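For reference, the structure is listed below as structure tokens.
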Amino acid sequence: MTITFITGANKGLGRETARRLVGLGHTVLIGARNAELGAEAAAALDARFVPIDVTDDASVAAAAANVAEHEGSIDVLINNAGINGPVGDPGALTAADAFDVFDVNLVGVVRTTTAFLPLLRRSADPVIINVSSGLGSLAITHDPSRIESKVIVPLYTASKAALTMLTTQYAKALTDIRVNAVDPGYTATDLNGHSGPQTVTEGTDAIVGLATEKPGAGSGRFVDRDGDIAWS
């Protein structure tokens, strides 16, 4: 049975991914920093809650130790936790704003990936999925036909561009693990005030697809629900 750990899984894309993967037979571990919401999501989805705050080294280490004790390994790590940061005019951005967003969206992925690598390497087919965004793509955000070209979220977009590139570096270096990034698309979640035209189910299509691929599928890709996409 495939064991999947998802960060930020108490709501939105993370929770829907958990729901769908449980339905496909995965043993799902709900990672969340809010204990009440994480436990509620796990109970509702027939999953197990593991406390984790991706901005805290000790919390991430404790989460990995928790999984090592209970499951012993994982097959899929989904780095989903993320925050928006300030929206609109970047003229008032502060260093603290930047640290906050990058600490969750990028550094948190590094923390979590490093801590869970030993557990992944106990799997016969280990997979890492980083939930990035088309908002981190130069091509997409300069395409006037795309909604992403009309959005000003400076630190979120920068962090997602960095996350996609980080993914390619992991994929090149970790040849024993399949590492890919995903663009969920503009999905109705708390991050955008539920303004996205996609449902959370549609927004998780690419994540679920990567989590259920057969051994030997490609690494270092950036995909959306329609398939592989170019990143530039």
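The chains in the structure tokens are called A, B, ... from first to last as shown; in each chain the residues are counted from 1, and the ligands are counted from 1 in the order shown.
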Closest atom pairs, stretch 50-117 of chain A residues within 8 Å of stretch 33-44 of chain A, only C-alpha atoms, as JSON lines:
{"residue": "A:Val50", "atom": "CA", "partner": "A:Gly38", "partner_atom": "CA", "distance": 7.8}
{"residue": "A:Pro51", "atom": "CA", "partner": "A:Arg33", "partner_atom": "CA", "distance": 5.6}
{"residue": "A:Ile52", "atom": "CA", "partner": "A:Arg33", "partner_atom": "CA", "distance": 4.9}
{"residue": "A:Asp53", "atom": "CA", "partner": "A:Arg33", "partner_atom": "CA", "distance": 4.7}
{"residue": "A:Val54", "atom": "CA", "partner": "A:Arg33", "partner_atom": "CA", "distance": 7.9}
Output N, CA, C and O atoms for every residue in that selection, as a PDB file, in the first residue's frame.
ATOM      1  N   VAL A  50      -0.470  14.132  11.387  1.00  0.00           N
ATOM      2  CA  VAL A  50       0.895  14.296  11.894  1.00  0.00           C
ATOM      3  C   VAL A  50       1.168  15.800  11.995  1.00  0.00           C
ATOM      4  O   VAL A  50       1.175  16.496  10.979  1.00  0.00           O
ATOM      5  N   PRO A  51       1.375  16.328  13.207  1.00  0.00           N
ATOM      6  CA  PRO A  51       1.652  17.762  13.340  1.00  0.00           C
ATOM      7  C   PRO A  51       2.947  18.134  12.627  1.00  0.00           C
ATOM      8  O   PRO A  51       3.958  17.440  12.761  1.00  0.00           O
ATOM      9  N   ILE A  52       2.913  19.235  11.869  1.00  0.00           N
ATOM     10  CA  ILE A  52       4.123  19.740  11.234  1.00  0.00           C
ATOM     11  C   ILE A  52       3.952  21.220  10.907  1.00  0.00           C
ATOM     12  O   ILE A  52       2.935  21.625  10.349  1.00  0.00           O
ATOM     13  N   ASP A  53       4.933  22.001  11.287  1.00  0.00           N
ATOM     14  CA  ASP A  53       5.040  23.400  10.888  1.00  0.00           C
ATOM     15  C   ASP A  53       6.293  23.489  10.033  1.00  0.00           C
ATOM     16  O   ASP A  53       7.414  23.351  10.544  1.00  0.00           O
ATOM     17  N   VAL A  54       6.127  23.681   8.725  1.00  0.00           N
ATOM     18  CA  VAL A  54       7.266  23.604   7.813  1.00  0.00           C
ATOM     19  C   VAL A  54       8.265  24.739   8.005  1.00  0.00           C
ATOM     20  O   VAL A  54       9.357  24.716   7.431  1.00  0.00           O
TER      21      VAL A  54
END
Query raised in the report: Contacts of stretch 210-214 of chain A at 8 Å or less, counting only C-alpha atoms, minus same-chain residues fewer than 3 places along, as a VMD selection string?
Result: chain A and resid 76 127 129 180 206 to 207 217
Stretch 108-140 of chain A near stretch 58-63 of chain A within 9 Å: what's each residue's closest atom pair and its distance in Å to one decimal, counting only C-alpha atoms, ordered by chain then ascending residue number, as JSON lines?
{"residue": "A:Gly108", "atom": "CA", "partner": "A:Val60", "partner_atom": "CA", "distance": 8.9}
{"residue": "A:Arg111", "atom": "CA", "partner": "A:Val60", "partner_atom": "CA", "distance": 7.0}
{"residue": "A:Thr112", "atom": "CA", "partner": "A:Val60", "partner_atom": "CA", "distance": 6.1}
{"residue": "A:Ala115", "atom": "CA", "partner": "A:Ala61", "partner_atom": "CA", "distance": 6.1}
{"residue": "A:Phe116", "atom": "CA", "partner": "A:Ala61", "partner_atom": "CA", "distance": 8.5}
Report task. Return the single residue from A:Asn84, A:Val109, A:Met1, A:Asp56 that is closest to A:Asp97, with distances computed using only C-alpha atoms. Result ->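 Among the listed residues, A:Asn84 lies closest to A:Asp97.
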Query - Residues near A:Val28, cut-off 10 Å, only C-alpha atoms, skip fewer than 4 positions along chain, as an MDAnalysis selection string - result: chainID A and resid 2:6 9 17:23 42 45:49 74 76
Query - Point-to-point distance in Å for atom CA of A:Ile229 and atom CA of A:Val87 - result: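 Atom-to-atom, atom CA of A:Val87 and atom CA of A:Ile229 are spaced 26.0 Å apart.
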Report task. In Å, rounded to a single decimal, give me how far atom CA of A:Val182 is from atom CA of A:Asp224. Result ->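 The value is 5.8 Å.
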